[in-house]
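> Input: one structure, supplied below.
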Amino acid sequence: MPILVTGGCGYVGTHLTQALLARTDHAVTVVDTTWFGNYLQPHPRLTVCVGDIRAMDGFDLSRYDTIFHLAGIANDPSAELNPRASWEVNVLATMRLADRAARQGVRQFVFPSSGAVYGVRSEPRITEDLDPMPISDYNKTKMVAERVILSYSDAMTTTIFRPATVCGYSRRMRLDLAVNGLTMQALTRKRITVFGGSQVRPNIHIDDLVDLYLFALERRLAGVYNAAFENLTVLEIAKLVATHIDAGIDVQASTSDPRSYRLCSDRLRATGFRPAKNVSIAIGELAAAYRDGRLTDEPNWHTVSWMKARNLG
């Protein structure tokens with residue numbers, strides 16, 4: 001049962017691809033631009049195709065049972081570098097891929113949207129029944145892509161997750177995510193700088209997100225689901241980091257990032273899925289990886305500065 005993973009060399013994509021190869025018998029094809037490198041280990045059931053999803057119209061999808069469509073311009077600052085490219089990648093290319101998948105007999109299409117599609121909300125329980133209110137181009141592209149994919153639900157199983165901010169170690173790291181970035185600050189500087197601090201961030205461990213993808217594959221899970229298991233303020237995250245790593249905390253009152261929201265994942269829990277890890281475990285694992293040399297602060301772990309320096313997009 002061949003599986004296609006777009007964006008399979010990314011932060012989550014690398015971890016997902018490794019899990020598919022280790023925990024299933026499926027052949028896996030990865031399509032990725034490799035803008036940030038390729039950290040996948042060779043495997044007899046793995047094929048890596050270097051390419052842009054905007055140029056996949058000639059790619060034969062008929063042999064694939066399931067597509068995990070993880071490729072995209074990730075996060076608000078990255079999308080702001082080139083909004084037009086973000087709409088081309090996150091929406092138009094997704095639309096063409098979903099349409100061809102449905103026409104060529106793909107059985108399941110799994111897509112990570114973003115919990116941030118809800119915008120800045122005051123409701124204590126942000127459930128899937130609330131209308132999205134995206135405030136950035138990035139989250140608008142995610143909302144539109146969701147609707148496009150769901151329009152093919154009559155032809156294939158469509159699975160939409162709205163993940164929280166992901167945390168934890170991957171061979172292809174990202175250090176521009178809340179927990180990961182604050183942990184690296186503590187490890188390298190012994191100081192953590194928090195801007196604002198009261199903004200609430202929902203979180204999910206990368207291992208739990210990958211487990212969720214495999215859960216969805218095994219059960220042909222359909223529908224839209226929030227995927228978040230800890231709602232913490234940025235300052236609470238910093239204080240949690242400081243319990244693992246001896247570091248001070250500097251709080252700056254001003255912030256340019258107004259996003260603050262709490263995700264409720266009761267619908268996902270009702271399917272039987274349960275997380276196995278949490279933010280505290282992620283921090284401990286990141287610290288251990290740093291100390292044994294697996295984790296370093298590399299330029300390509302910082303999405304915006306890497307893309308800007310190389311005019312990617």
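Labels used: A, B, ... for chains in the order of the structure tokens, numbers from 1 for residues in each chain, and numbers from 1 for ligands as shown.
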Could you pull out the helix (DSSP H, G or I) residues of region 47-101 of chain A from DSSP and send them as a ChimeraX atom specification?
/A:53-55,76-81,83-101
> With only C-alpha atoms as the counted atoms, please give the residues lying no more than 12 Å from Ile135 (chain A), apart from itself and same-chain residues fewer than 2 positions off, as a ChimeraX atom specification.
/A:76,116-121,132-133,137-143,257-260
> Could you save those same residues with N, CA and C atoms as a short mmCIF file (atom, residue, chain, number, x, y, z; two decimals), in the first residue's frame?

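Now in part-v9.cif:
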data_model
loop_
_atom_site.label_atom_id
_atom_site.label_comp_id
_atom_site.auth_asym_id
_atom_site.auth_seq_id
_atom_site.Cartn_x
_atom_site.Cartn_y
_atom_site.Cartn_z
N ASP A 76 3.30 32.17 9.94
CA ASP A 76 2.93 33.52 9.51
C ASP A 76 4.11 34.32 8.93
N ALA A 116 -4.31 27.86 14.42
CA ALA A 116 -4.39 29.31 14.39
C ALA A 116 -5.44 29.84 13.41
N VAL A 117 -6.13 28.94 12.68
CA VAL A 117 -7.19 29.43 11.79
C VAL A 117 -8.33 30.08 12.57
N TYR A 118 -8.40 29.82 13.87
CA TYR A 118 -9.47 30.41 14.69
C TYR A 118 -9.20 31.87 15.02
N GLY A 119 -7.96 32.33 14.82
CA GLY A 119 -7.63 33.72 15.09
C GLY A 119 -7.47 34.00 16.57
N VAL A 120 -7.61 35.27 16.94
CA VAL A 120 -7.53 35.68 18.34
C VAL A 120 -8.91 35.55 18.94
N ARG A 121 -9.07 34.61 19.87
CA ARG A 121 -10.40 34.31 20.42
C ARG A 121 -10.38 34.37 21.94
N PRO A 132 -13.77 29.53 11.59
CA PRO A 132 -12.42 30.11 11.55
C PRO A 132 -12.47 31.62 11.36
N MET A 133 -11.54 32.32 11.99
CA MET A 133 -11.42 33.77 11.83
C MET A 133 -9.94 34.11 11.66
N ASP A 137 -2.26 35.98 6.33
CA ASP A 137 -2.29 35.30 5.04
C ASP A 137 -2.08 33.80 5.21
N TYR A 138 -1.11 33.44 6.06
CA TYR A 138 -0.83 32.02 6.26
C TYR A 138 -2.07 31.26 6.70
N ASN A 139 -2.76 31.78 7.69
CA ASN A 139 -3.92 31.06 8.21
C ASN A 139 -5.13 31.15 7.27
N LYS A 140 -5.18 32.21 6.47
CA LYS A 140 -6.22 32.27 5.43
C LYS A 140 -5.98 31.18 4.39
N THR A 141 -4.71 30.95 4.03
CA THR A 141 -4.43 29.89 3.05
C THR A 141 -4.82 28.53 3.62
N LYS A 142 -4.59 28.33 4.90
CA LYS A 142 -4.96 27.05 5.52
C LYS A 142 -6.47 26.86 5.52
N MET A 143 -7.21 27.91 5.83
CA MET A 143 -8.66 27.82 5.86
C MET A 143 -9.21 27.48 4.47
N ASP A 257 3.32 39.87 18.32
CA ASP A 257 2.56 38.66 18.02
C ASP A 257 1.33 38.58 18.92
N PRO A 258 0.15 38.97 18.41
CA PRO A 258 -1.04 39.01 19.24
C PRO A 258 -1.76 37.67 19.37
N ARG A 259 -1.32 36.63 18.66
CA ARG A 259 -2.06 35.37 18.65
C ARG A 259 -2.19 34.79 20.05
N SER A 260 -3.41 34.46 20.41
CA SER A 260 -3.67 33.86 21.72
C SER A 260 -4.95 33.06 21.61
#
> As a compact mmCIF listing (two decimals) with C-alpha atoms, in the first residue's frame, please: the residues near Ser86 (chain A) (cut-off 12 Å, only C-alpha atoms, same-chain neighbours under 4 positions excluded).

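Saved the output as around-v6.txt:
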# COMPACT_ATOMS: atom_id res chain seq x y z
CA ILE A 53 4.42 20.69 -5.34
CA ARG A 54 3.59 23.52 -7.73
CA ALA A 71 4.24 20.45 2.05
CA GLY A 72 3.64 24.17 2.34
CA ILE A 73 4.98 27.57 3.29
CA ALA A 74 4.90 27.25 7.07
CA ASN A 75 3.98 29.87 9.68
CA ASP A 76 2.93 33.52 9.51
CA PRO A 77 6.35 35.23 9.09
CA SER A 78 7.36 32.83 6.29
CA ALA A 79 4.13 33.47 4.40
CA GLU A 80 4.63 37.22 4.74
CA LEU A 81 7.94 37.01 2.87
CA ASN A 82 6.05 36.28 -0.34
CA ASN A 90 -0.66 26.39 0.13
CA VAL A 91 -3.86 26.75 -1.89
CA LEU A 92 -3.50 26.40 -5.66
CA ALA A 93 -1.02 23.52 -5.57
CA THR A 94 -3.09 21.84 -2.86
CA SER A 136 -2.93 36.35 8.62
CA ASP A 137 -2.29 35.30 5.04
CA TYR A 138 -0.83 32.02 6.26
CA ASN A 139 -3.92 31.06 8.21
CA LYS A 140 -6.22 32.27 5.43
CA THR A 141 -4.43 29.89 3.05
CA LYS A 142 -4.96 27.05 5.52
CA ALA A 145 -7.16 24.73 1.57
CA LEU A 312 13.13 31.00 -1.31
CA GLY A 313 9.42 30.93 -1.90
> List the neighbours of Tyr64 (chain A) out to 12 Å using only C-alpha atoms; skip same-chain residues closer than 3 positions along the sequence, and give me the result as a PyMOL selection string.
chain A and resi 1-5+26-30+59-61+67-68+100-102+104-109
> Name the residues of region 63-253 of chain A that fall into strand (DSSP E) according to DSSP on the backbone, using the chain letters and numbers of this document, as a count of residues only.
44
